[in-house]
>>> print(open('query_34.cif').read())   # mmCIF, C-alpha atoms
data_work
loop_
_atom_site.label_atom_id
_atom_site.label_comp_id
_atom_site.auth_asym_id
_atom_site.auth_seq_id
_atom_site.Cartn_x
_atom_site.Cartn_y
_atom_site.Cartn_z
CA MET A 714 21.82 7.07 -20.90
CA PRO A 715 23.05 4.07 -22.93
CA ALA A 716 21.89 0.55 -22.15
CA ALA A 717 25.29 -0.64 -20.94
CA ALA A 718 25.50 2.10 -18.34
CA LEU A 719 22.03 1.37 -17.04
CA THR A 720 22.54 -2.38 -16.92
CA GLY A 721 25.57 -2.06 -14.70
CA GLU A 722 23.57 -0.25 -12.05
CA VAL A 723 21.31 -3.21 -11.29
CA ALA A 724 23.53 -6.16 -12.17
CA GLN A 725 23.15 -7.61 -8.65
CA GLY A 726 19.38 -7.33 -8.59
CA LEU A 727 16.62 -9.79 -9.39
CA GLU A 728 16.48 -11.71 -12.63
CA SER A 729 13.55 -9.67 -13.85
CA ALA A 730 13.41 -11.30 -17.28
CA ARG A 731 12.92 -14.69 -15.61
CA ILE A 732 10.44 -13.27 -13.10
CA ARG A 733 8.33 -11.83 -15.92
CA GLN A 734 7.73 -15.38 -17.14
CA ASP A 735 5.79 -15.99 -13.92
CA PHE A 736 3.29 -13.26 -14.89
CA PRO A 737 0.95 -14.34 -17.70
CA LEU A 738 -0.23 -10.84 -18.58
CA LEU A 739 3.34 -9.63 -19.08
CA CYS A 740 4.60 -12.49 -21.21
CA ARG A 741 1.59 -13.76 -23.16
CA GLY A 742 -1.38 -11.51 -22.44
CA ALA A 743 -3.24 -9.56 -25.11
CA HIS A 744 -1.29 -6.39 -24.18
CA ALA A 745 2.06 -8.05 -23.46
CA GLN A 746 3.80 -7.17 -26.73
CA GLY A 747 5.92 -4.06 -26.19
CA LEU A 748 4.44 -3.35 -22.75
CA HIS A 749 6.56 -1.60 -20.13
CA TYR A 750 4.34 -1.63 -17.05
CA LEU A 751 5.39 1.18 -14.71
CA ASP A 752 2.21 1.80 -12.73
CA ASN A 753 2.89 -0.56 -9.85
CA ALA A 754 2.07 1.98 -7.14
CA ALA A 755 -1.50 1.89 -8.47
CA THR A 756 -1.73 -1.90 -8.78
CA THR A 757 0.56 -4.80 -9.60
CA GLN A 758 0.33 -7.70 -12.00
CA LYS A 759 -0.30 -11.22 -10.69
CA PRO A 760 1.99 -14.27 -10.94
CA GLN A 761 0.62 -17.65 -12.00
CA ARG A 762 1.13 -18.89 -8.44
CA VAL A 763 -1.44 -16.41 -7.18
CA MET A 764 -3.92 -17.26 -9.93
CA ASP A 765 -3.51 -20.97 -9.21
CA ALA A 766 -4.24 -20.38 -5.53
CA ILE A 767 -7.40 -18.44 -6.41
CA VAL A 768 -8.59 -21.17 -8.77
CA ASP A 769 -7.85 -23.85 -6.15
CA GLY A 770 -9.86 -21.82 -3.67
CA TYR A 771 -12.87 -22.30 -5.93
CA THR A 772 -12.21 -25.75 -7.40
CA GLN A 773 -10.59 -27.72 -4.57
CA GLU A 774 -11.69 -26.42 -1.17
CA TYR A 775 -14.55 -23.98 -1.61
CA GLY A 776 -17.21 -24.22 1.08
CA PRO A 777 -18.75 -22.29 3.98
CA ILE A 778 -15.98 -21.16 6.31
CA HIS A 779 -16.49 -21.57 10.06
CA ARG A 780 -19.98 -22.91 9.41
CA GLY A 781 -19.94 -26.55 8.31
CA LEU A 782 -18.85 -29.79 10.04
CA TYR A 783 -18.44 -31.87 6.88
CA PRO A 784 -14.95 -32.38 5.35
CA LEU A 785 -15.25 -29.82 2.53
CA ALA A 786 -16.29 -27.03 4.89
CA GLU A 787 -13.55 -27.98 7.33
CA ALA A 788 -10.99 -27.93 4.50
CA ALA A 789 -12.18 -24.46 3.44
CA THR A 790 -11.91 -23.20 7.00
CA SER A 791 -8.44 -24.67 7.36
CA ARG A 792 -7.25 -23.05 4.10
CA TYR A 793 -8.68 -19.69 5.12
CA GLU A 794 -7.04 -19.71 8.54
CA GLN A 795 -3.76 -21.00 7.12
CA SER A 796 -3.78 -18.01 4.76
CA ARG A 797 -4.19 -15.74 7.77
CA ALA A 798 -1.28 -17.47 9.52
CA THR A 799 0.93 -17.09 6.42
CA LEU A 800 0.21 -13.38 6.28
CA ALA A 801 0.83 -13.02 10.03
CA ASP A 802 4.30 -14.48 9.48
CA PHE A 803 4.75 -12.18 6.47
CA ILE A 804 4.42 -9.06 8.63
CA GLY A 805 5.84 -10.48 11.87
CA ALA A 806 2.60 -10.41 13.87
CA ALA A 807 2.62 -12.11 17.26
CA SER A 808 -0.50 -14.11 16.40
CA PRO A 809 -2.75 -14.72 13.38
CA ASP A 810 -5.61 -13.46 15.55
CA GLU A 811 -4.14 -9.96 15.21
CA LEU A 812 -5.06 -9.93 11.50
CA VAL A 813 -8.49 -9.03 10.15
CA PHE A 814 -9.34 -9.64 6.51
CA THR A 815 -10.99 -6.62 4.88
CA ARG A 816 -11.91 -5.67 1.34
CA SER A 817 -9.02 -3.21 1.06
CA ALA A 818 -6.55 -1.06 2.95
CA THR A 819 -9.16 1.67 2.67
CA GLU A 820 -11.74 -0.41 4.53
CA ALA A 821 -9.14 -1.31 7.16
CA ILE A 822 -8.44 2.36 7.88
CA ASN A 823 -12.15 3.15 8.02
CA MET A 824 -12.60 0.27 10.45
CA VAL A 825 -10.14 1.89 12.85
CA ALA A 826 -11.68 5.33 12.35
CA SER A 827 -15.22 4.20 13.08
CA GLY A 828 -14.57 1.33 15.45
CA TRP A 829 -11.67 2.49 17.59
CA VAL A 830 -11.08 6.23 17.23
CA GLY A 831 -14.73 7.28 16.98
CA PRO A 832 -15.86 5.97 20.39
CA ARG A 833 -12.82 7.60 22.07
CA LEU A 834 -12.72 10.95 20.31
CA ARG A 835 -14.04 14.02 22.09
CA ALA A 836 -14.39 17.69 21.19
CA GLY A 837 -10.98 19.35 21.32
CA ASP A 838 -9.05 16.12 20.78
CA ARG A 839 -6.59 15.87 17.88
CA ILE A 840 -5.76 13.39 15.16
CA TRP A 841 -2.56 13.95 13.21
CA VAL A 842 -1.87 12.94 9.62
CA SER A 843 0.97 13.97 7.35
CA ARG A 844 0.81 16.29 4.37
CA MET A 845 1.74 13.39 2.08
CA GLU A 846 -1.14 11.04 2.90
CA HIS A 847 -3.24 9.23 0.32
CA HIS A 848 -6.88 10.28 0.53
CA ALA A 849 -7.69 6.88 2.06
CA ASN A 850 -5.63 7.87 5.10
CA TYR A 851 -7.00 11.39 5.21
CA LEU A 852 -10.74 11.41 4.50
CA PRO A 853 -11.77 8.97 7.29
CA TRP A 854 -10.01 11.14 9.87
CA GLN A 855 -11.44 14.31 8.40
CA ARG A 856 -14.97 12.96 8.74
CA ILE A 857 -14.60 11.53 12.25
CA CYS A 858 -13.04 14.78 13.49
CA ARG A 859 -15.89 16.79 11.99
CA GLU A 860 -18.47 14.49 13.58
CA ARG A 861 -16.85 14.64 17.03
CA GLY A 862 -15.77 18.26 17.07
CA ALA A 863 -12.11 17.25 17.13
CA GLN A 864 -9.21 18.74 15.17
CA LEU A 865 -7.49 17.16 12.18
CA CYS A 866 -3.90 18.39 12.31
CA ILE A 867 -1.27 18.15 9.60
CA ILE A 868 2.39 17.21 9.97
CA GLY A 869 4.11 19.49 7.49
CA LEU A 870 7.05 18.66 5.26
CA THR A 871 10.57 20.01 5.07
CA ASP A 872 11.87 21.55 1.86
CA ASP A 873 13.20 18.15 0.80
CA GLY A 874 9.84 16.44 1.36
CA ARG A 875 10.42 14.73 4.70
CA LEU A 876 8.17 14.85 7.76
CA ASP A 877 8.88 18.10 9.59
CA LEU A 878 8.70 16.59 13.07
CA ALA A 879 11.04 19.18 14.54
CA ASN A 880 8.51 21.93 13.81
CA THR A 881 5.46 20.02 15.01
CA PRO A 882 5.70 20.65 18.77
CA GLN A 883 2.07 19.74 19.50
CA LEU A 884 2.28 16.31 17.86
CA PHE A 885 2.65 14.49 21.18
CA ALA A 886 0.43 16.82 23.21
CA PRO A 887 -2.10 15.33 25.66
CA GLU A 888 -4.95 16.10 23.25
CA THR A 889 -3.56 13.79 20.53
CA ARG A 890 -5.47 10.51 20.27
CA LEU A 891 -3.95 9.04 17.11
CA ILE A 892 -1.21 9.62 14.55
CA ALA A 893 -1.96 8.13 11.11
CA VAL A 894 0.92 8.13 8.65
CA CYS A 895 2.02 6.28 5.54
CA HIS A 896 5.11 4.09 5.63
CA VAL A 897 6.02 5.16 2.08
CA SER A 898 4.52 8.07 0.15
CA ASN A 899 2.75 7.09 -3.06
CA VAL A 900 3.90 10.37 -4.66
CA LEU A 901 7.26 11.28 -3.13
CA GLY A 902 8.54 7.72 -2.81
CA ILE A 903 10.04 8.54 0.56
CA GLU A 904 10.07 6.18 3.55
CA ASN A 905 8.95 7.77 6.78
CA PRO A 906 10.70 7.13 10.13
CA ILE A 907 7.83 5.11 11.53
CA HIS A 908 9.90 3.13 14.06
CA GLN A 909 10.96 6.28 15.87
CA LEU A 910 7.55 7.90 15.44
CA CYS A 911 5.84 4.91 17.08
CA ALA A 912 8.34 4.86 19.93
CA ASP A 913 7.88 8.58 20.61
CA ALA A 914 4.10 8.35 20.35
CA HIS A 915 3.87 5.41 22.75
CA ALA A 916 6.04 7.26 25.25
CA HIS A 917 3.19 9.78 25.37
CA GLY A 918 0.38 7.20 25.35
CA ILE A 919 -0.60 7.92 21.73
CA ALA A 920 -1.67 5.25 19.24
CA VAL A 921 -0.23 5.06 15.71
CA LEU A 922 -1.76 3.69 12.51
CA VAL A 923 0.58 2.95 9.60
CA ASP A 924 -0.62 2.80 5.99
CA ALA A 925 1.74 0.20 4.52
CA ALA A 926 0.07 -0.11 1.11
CA GLN A 927 3.19 1.16 -0.67
CA SER A 928 5.81 -0.69 1.39
CA VAL A 929 4.84 -4.34 1.84
CA SER A 930 5.68 -5.22 -1.78
CA HIS A 931 9.05 -3.43 -1.65
CA GLN A 932 10.67 -4.43 1.63
CA PRO A 933 10.31 -6.55 4.77
CA VAL A 934 7.71 -5.20 7.19
CA ASP A 935 7.77 -6.35 10.83
CA VAL A 936 4.92 -4.91 12.87
CA GLN A 937 6.48 -5.87 16.19
CA ALA A 938 9.74 -4.15 15.30
CA ILE A 939 7.83 -1.10 14.04
CA GLY A 940 5.75 -0.99 17.21
CA CYS A 941 2.58 0.35 15.58
CA ASP A 942 -0.88 -0.13 17.03
CA PHE A 943 -2.54 -0.66 13.65
CA LEU A 944 -1.25 -1.31 10.14
CA ALA A 945 -3.23 -1.55 6.90
CA PHE A 946 -2.36 -2.87 3.45
CA SER A 947 -4.00 -4.47 0.43
CA ALA A 948 -3.24 -7.53 -1.69
CA HIS A 949 -3.48 -5.99 -5.13
CA LYS A 950 -0.46 -3.72 -4.60
CA MET A 951 1.75 -6.70 -3.63
CA TYR A 952 1.02 -9.02 -6.60
CA GLY A 953 -2.12 -10.46 -4.99
CA PRO A 954 -5.80 -10.34 -5.95
CA ALA A 955 -8.04 -7.29 -5.94
CA GLY A 956 -10.82 -6.91 -3.42
CA ILE A 957 -9.03 -8.06 -0.27
CA GLY A 958 -6.87 -6.31 2.31
CA LEU A 959 -5.72 -6.64 5.90
CA LEU A 960 -5.91 -4.76 9.13
CA TYR A 961 -3.26 -5.63 11.69
CA GLY A 962 -3.90 -4.55 15.26
CA ARG A 963 -1.95 -5.24 18.42
CA ALA A 964 -4.03 -7.69 20.44
CA GLU A 965 -4.97 -5.20 23.15
CA ARG A 966 -5.91 -2.53 20.58
CA LEU A 967 -7.84 -4.87 18.30
CA ALA A 968 -9.88 -6.05 21.27
CA GLU A 969 -11.11 -2.46 21.67
CA VAL A 970 -12.35 -2.08 18.08
CA GLU A 971 -16.11 -2.05 17.62
CA PRO A 972 -17.33 -3.83 14.46
CA LEU A 973 -17.76 -1.64 11.39
CA LEU A 974 -20.05 -4.16 9.66
CA LEU A 975 -22.72 -6.26 11.34
CA GLY A 976 -24.04 -9.52 9.99
CA GLY A 977 -23.38 -13.21 9.74
CA GLY A 978 -20.27 -14.82 11.16
CA MET A 979 -19.33 -12.06 13.59
CA VAL A 980 -21.90 -12.77 16.27
CA ASP A 981 -22.24 -15.60 18.77
CA GLU A 982 -25.72 -14.76 20.01
CA VAL A 983 -28.35 -12.38 18.65
CA GLY A 984 -30.60 -10.88 21.32
CA GLU A 985 -34.37 -10.91 20.96
CA GLY A 986 -35.74 -7.55 19.86
CA MET A 987 -33.70 -4.84 21.56
CA ALA A 988 -31.84 -7.27 23.83
CA ALA A 989 -28.07 -7.05 23.52
CA SER A 990 -26.28 -9.31 21.09
CA ARG A 991 -22.96 -10.95 21.85
CA TRP A 992 -20.13 -10.66 19.33
CA ALA A 993 -17.85 -13.56 18.41
CA ASP A 994 -14.22 -13.65 19.50
CA LEU A 995 -11.49 -11.95 17.46
CA PRO A 996 -10.84 -11.82 14.62
CA ALA A 997 -14.24 -13.21 13.59
CA ARG A 998 -16.21 -10.38 15.19
CA LEU A 999 -14.60 -7.90 12.77
CA GLU A 1000 -15.23 -10.05 9.68
CA ALA A 1001 -18.96 -9.88 9.03
CA GLY A 1002 -20.33 -11.75 6.03
CA SER A 1003 -19.10 -14.74 4.07
CA PRO A 1004 -15.28 -14.90 4.07
CA ASN A 1005 -13.42 -14.52 0.78
CA LEU A 1006 -11.54 -17.83 0.63
CA PRO A 1007 -10.13 -17.49 -2.93
CA GLY A 1008 -9.00 -13.95 -2.14
CA ALA A 1009 -7.32 -14.99 1.11
CA ALA A 1010 -5.62 -17.91 -0.63
CA GLY A 1011 -4.34 -15.64 -3.40
CA PHE A 1012 -3.21 -13.06 -0.83
CA ALA A 1013 -1.19 -15.69 1.04
CA ALA A 1014 0.25 -17.00 -2.23
CA ALA A 1015 1.48 -13.50 -3.09
CA ALA A 1016 3.19 -13.27 0.29
CA GLY A 1017 4.80 -16.64 -0.28
CA TYR A 1018 5.95 -15.59 -3.73
CA LEU A 1019 7.66 -12.48 -2.37
CA ASP A 1020 9.25 -14.44 0.45
CA GLY A 1021 10.57 -16.91 -2.12
CA LEU A 1022 12.36 -14.08 -3.92
CA ASP A 1023 13.96 -12.90 -0.64
CA ARG A 1024 12.43 -9.56 0.31
CA ARG A 1025 15.80 -8.01 1.12
CA ARG A 1026 16.89 -8.81 -2.41
CA VAL A 1027 13.65 -7.36 -3.74
CA GLN A 1028 14.32 -4.19 -1.77
CA ARG A 1029 17.86 -3.89 -3.13
CA HIS A 1030 16.73 -4.48 -6.70
CA LEU A 1031 14.01 -1.85 -6.56
CA ALA A 1032 16.26 0.66 -4.80
CA ASP A 1033 18.97 0.21 -7.43
CA LEU A 1034 16.49 0.45 -10.29
CA THR A 1035 14.90 3.56 -8.78
CA ARG A 1036 18.27 5.28 -8.41
CA THR A 1037 19.18 4.35 -11.99
CA ALA A 1038 15.88 5.72 -13.26
CA ALA A 1039 16.21 8.89 -11.18
CA GLU A 1040 19.63 9.56 -12.68
CA ALA A 1041 18.38 8.95 -16.22
CA LEU A 1042 15.26 11.08 -15.82
CA GLY A 1043 17.14 13.80 -13.99
CA ALA A 1044 19.39 14.22 -17.01
CA LEU A 1045 16.45 15.17 -19.24
CA PRO A 1046 16.17 18.94 -19.86
CA GLY A 1047 13.24 20.55 -18.07
CA LEU A 1048 12.36 17.47 -16.01
CA ARG A 1049 11.84 17.97 -12.28
CA LEU A 1050 11.78 14.99 -9.94
CA LEU A 1051 9.67 15.30 -6.81
CA GLN A 1052 11.56 12.51 -5.09
CA PRO A 1053 13.76 13.78 -2.24
CA PRO A 1054 17.48 12.98 -2.47
CA GLY A 1055 18.24 9.51 -1.20
CA ALA A 1056 14.68 8.19 -1.47
CA SER A 1057 14.59 4.80 -3.18
CA ALA A 1058 11.12 3.35 -2.67
CA ALA A 1059 10.38 2.44 -6.32
CA ILE A 1060 8.32 5.59 -7.01
CA LEU A 1061 9.37 8.54 -9.17
CA SER A 1062 6.96 11.43 -9.67
CA PHE A 1063 7.95 14.23 -12.00
CA THR A 1064 6.93 17.19 -14.12
CA MET A 1065 8.41 18.48 -17.37
CA ASP A 1066 8.52 22.12 -18.38
CA GLY A 1067 5.87 23.03 -20.92
CA LEU A 1068 4.16 19.63 -20.93
CA HIS A 1069 1.06 18.60 -19.04
CA PRO A 1070 1.48 15.32 -17.13
CA HIS A 1071 -1.50 13.84 -18.99
CA ASP A 1072 0.25 14.57 -22.30
CA LEU A 1073 3.37 12.86 -21.00
CA ALA A 1074 1.35 9.81 -20.01
CA GLN A 1075 -0.43 9.73 -23.37
CA VAL A 1076 2.80 9.85 -25.37
CA ALA A 1077 4.31 7.24 -23.07
CA ALA A 1078 1.28 5.01 -23.69
CA GLU A 1079 1.89 5.29 -27.43
CA HIS A 1080 5.37 3.89 -26.75
CA GLY A 1081 3.96 1.00 -24.73
CA VAL A 1082 5.02 2.61 -21.44
CA ALA A 1083 2.32 2.55 -18.75
CA ILE A 1084 2.75 5.41 -16.27
CA ARG A 1085 0.27 7.39 -14.20
CA ALA A 1086 -0.68 11.06 -14.40
CA GLY A 1087 -2.91 13.04 -12.09
CA HIS A 1088 -3.09 13.96 -8.40
CA HIS A 1089 -2.60 10.34 -7.26
CA CYS A 1090 -5.23 10.71 -4.53
CA ALA A 1091 -2.92 13.12 -2.73
CA GLN A 1092 -4.44 16.53 -3.42
CA PRO A 1093 -3.34 18.17 -0.15
CA LEU A 1094 0.27 17.27 -0.95
CA LEU A 1095 0.17 18.47 -4.55
CA ARG A 1096 -1.62 21.65 -3.51
CA SER A 1097 1.18 22.40 -1.07
CA LEU A 1098 3.67 21.95 -3.92
CA GLY A 1099 1.73 24.30 -6.17
CA LEU A 1100 0.81 21.50 -8.56
CA ALA A 1101 -2.47 20.11 -9.86
CA ALA A 1102 -1.01 16.95 -11.41
CA VAL A 1103 2.26 15.08 -11.85
CA ALA A 1104 3.41 12.08 -13.86
CA ARG A 1105 4.55 8.99 -11.95
CA ALA A 1106 6.58 5.92 -12.82
CA SER A 1107 6.59 3.15 -10.23
CA PHE A 1108 8.56 -0.07 -10.38
CA GLY A 1109 7.93 -3.71 -9.55
CA ILE A 1110 9.90 -6.93 -9.33
CA TYR A 1111 9.48 -7.62 -13.06
CA ASN A 1112 10.89 -4.26 -14.15
CA ASP A 1113 14.45 -3.71 -15.34
CA VAL A 1114 16.61 -1.20 -17.19
CA ALA A 1115 14.84 -1.88 -20.48
CA ASP A 1116 11.71 -0.36 -18.94
CA VAL A 1117 13.70 2.68 -17.82
CA GLU A 1118 15.16 3.09 -21.31
CA ALA A 1119 11.70 2.90 -22.86
CA LEU A 1120 10.44 5.56 -20.44
CA VAL A 1121 13.35 7.88 -21.18
CA GLN A 1122 12.83 7.46 -24.92
CA ALA A 1123 9.12 8.20 -24.57
CA LEU A 1124 9.78 11.37 -22.58
CA GLU A 1125 12.38 12.55 -25.08
CA ASP A 1126 9.87 12.01 -27.89
CA ALA A 1127 7.24 13.91 -25.93
CA ARG A 1128 9.59 16.89 -25.65
CA ARG A 1129 10.20 16.85 -29.40
CA LEU A 1130 6.51 16.36 -30.21
CA PHE A 1131 5.50 19.37 -28.12
CA GLY A 1132 8.36 21.54 -29.34
CA GLN A 1133 10.45 21.47 -26.15
CA GLY A 1134 13.54 19.93 -27.71
CA ALA A 1135 15.42 19.41 -30.90
#
>>> encode(input="query_34.cif", output="structure tokens")
Amino acid sequence: MPAAALTGEVAQGLESARIRQDFPLLCRGAHAQGLHYLDNAATTQKPQRVMDAIVDGYTQEYGPIHRGLYPLAEAATSRYEQSRATLADFIGAASPDELVFTRSATEAINMVASGWVGPRLRAGDRIWVSRMEHHANYLPWQRICRERGAQLCIIGLTDDGRLDLANTPQLFAPETRLIAVCHVSNVLGIENPIHQLCADAHAHGIAVLVDAAQSVSHQPVDVQAIGCDFLAFSAHKMYGPAGIGLLYGRAERLAEVEPLLLGGGMVDEVGEGMAASRWADLPARLEAGSPNLPGAAGFAAAAGYLDGLDRRRVQRHLADLTRTAAEALGALPGLRLLQPPGASAAILSFTMDGLHPHDLAQVAAEHGVAIRAGHHCAQPLLRSLGLAAVARASFGIYNDVADVEALVQALEDARRLFGQGA
């Protein structure tokens, strides 16, 4: 597809060329020359604003949080809690106290599995996940069900890759204790109907956890509008730092979660010997150890950066770019897109006849195009599709049609190199 045709598709989107200037790695890093970074579903690059916030967290206000009475410690505490408040606004939480800082979305999900589901799960109970879940939203439930003698049940998919709720009659049965589902699939790029799923589940007294790792960077997320009990996401997939994530929990649910980690900061009184200890109030009692102030500051800065771009505009840009890329890739002989029709969540997974996905990724890398190949931590999904691996291109706010053109050119060259085309 020629450049002019592609450009017209996203003319009303973000000014990606200007946005790229905010990202040091993309405009002046050692690998910047000729780089087309299309692995954003794995991790995103970081704007200068986020890096500045991290540096300030170390150089301007670093001190023991919630522990000191001197001005520096009080400033560190204030910055940490202000970061929590910023992120609460970012996802529409009713209170900052409904947010728990974790090391990742993975840890957040494990916290719910061990601290909320585990104490309530009995033999014969059920937890439901979908066929499209990332391993991080599958393995914790598999283990807790095995330990408690419960059943891990799978919501199947329709032929076009959507949740097959119509053929899952036991989903809302009395034995169901939790439904855990991703907001957006990291392979299929499809957005699940989580608003309706939460409403239906709550009508039957069933809790819902949403894995929002692939959605918070693409679109507005409002936990009160969604109606979920828990929601997990990480900073590094939304242009923030690595090593920090968040667990949101409705106040009444979060109050029921037992701590996953025990240590400093999460306890008000430690009993002598075997005497009972008394945990601190929320959210502190779920945040054992020394808080990560630079990480929290960078996380909040990433949220502020996205808000400054207007998240509805971000969503439109990525949807338009995804549709443009899907049309261009779909025109290549032998290429099969896994994305269901109408999906536009900035993720395109695909296979090409006669070429292994790893070979596609390698040739793309030689063209400066960074894509992913493998099972994408979604082996149950790929197994159901009869695949061991797929290639994946995923888009971010700094991507534009030039990146799509580079990807198309790389795939065409791969076909020629491996004798699949003229």
>>> resolve_selection(input="query_34.cif", expression="the PyMOL selection byres ((chain A and resi 1045) around 9)", output="JSON, numbers by chain")
{"A": [1041, 1042, 1043, 1044, 1046, 1047, 1048, 1049, 1065, 1121, 1124, 1125]}
>>> closest_atom_pairs(input="query_34.cif", of="range 792-837 of chain A", to="range 919-930 of chain A", cutoff="9 Å", atoms="only C-alpha atoms", output="JSON lines")
{"residue": "A:Ile804", "atom": "CA", "partner": "A:Val929", "partner_atom": "CA", "distance": 8.3}
{"residue": "A:Ala818", "atom": "CA", "partner": "A:Ala926", "partner_atom": "CA", "distance": 6.9}
{"residue": "A:Ile822", "atom": "CA", "partner": "A:Asp924", "partner_atom": "CA", "distance": 8.1}
{"residue": "A:Val825", "atom": "CA", "partner": "A:Leu922", "partner_atom": "CA", "distance": 8.6}
>>> atom_distance(input="query_34.cif", atom1="CA of Gly770 in chain A", atom2="CA of Glu787 in chain A")
13.1 Å
>>> closest_residue(input="query_34.cif", among="A:Ser947, A:Thr871, A:Gln1092, A:Asn850", to="Ala1015 in chain A", atoms="all atoms listed in the file")
A:Ser947
>>> residues_around(input="query_34.cif", residues="His908 in chain A", least_positions_apart="6", cutoff="10 Å", atoms="all atoms listed in the file", output="ChimeraX atom specification")
/A:896,936-941
>>> closest_residue(input="query_34.cif", among="A:Arg731, A:His779, A:Arg816, A:His847", to="Leu974 in chain A", atoms="all atoms listed in the file")
A:Arg816
>>> axis_aligned_box(input="query_34.cif", around="range 888-902 of chain A", padding_each_side="6 Å", output="JSON")
{"center_x": 1.5, "center_y": 10.1, "center_z": 9.3, "size_x": 26.0, "size_y": 24.0, "size_z": 39.9}
>>> resolve_selection(input="query_34.cif", expression="the PyMOL selection byres ((chain A and resi 992-1007) around 7)", output="JSON, numbers by chain")
{"A": [767, 770, 771, 778, 793, 810, 811, 812, 813, 814, 972, 974, 975, 976, 977, 978, 979, 980, 981, 982, 990, 991, 1008, 1009, 1010, 1011]}
>>> resolve_selection(input="query_34.cif", expression="the PyMOL selection byres ((chain A and resi 966) around 9)", output="MDAnalysis selection string")
chainID A and resid 829 920 942:943 962:965 967:970
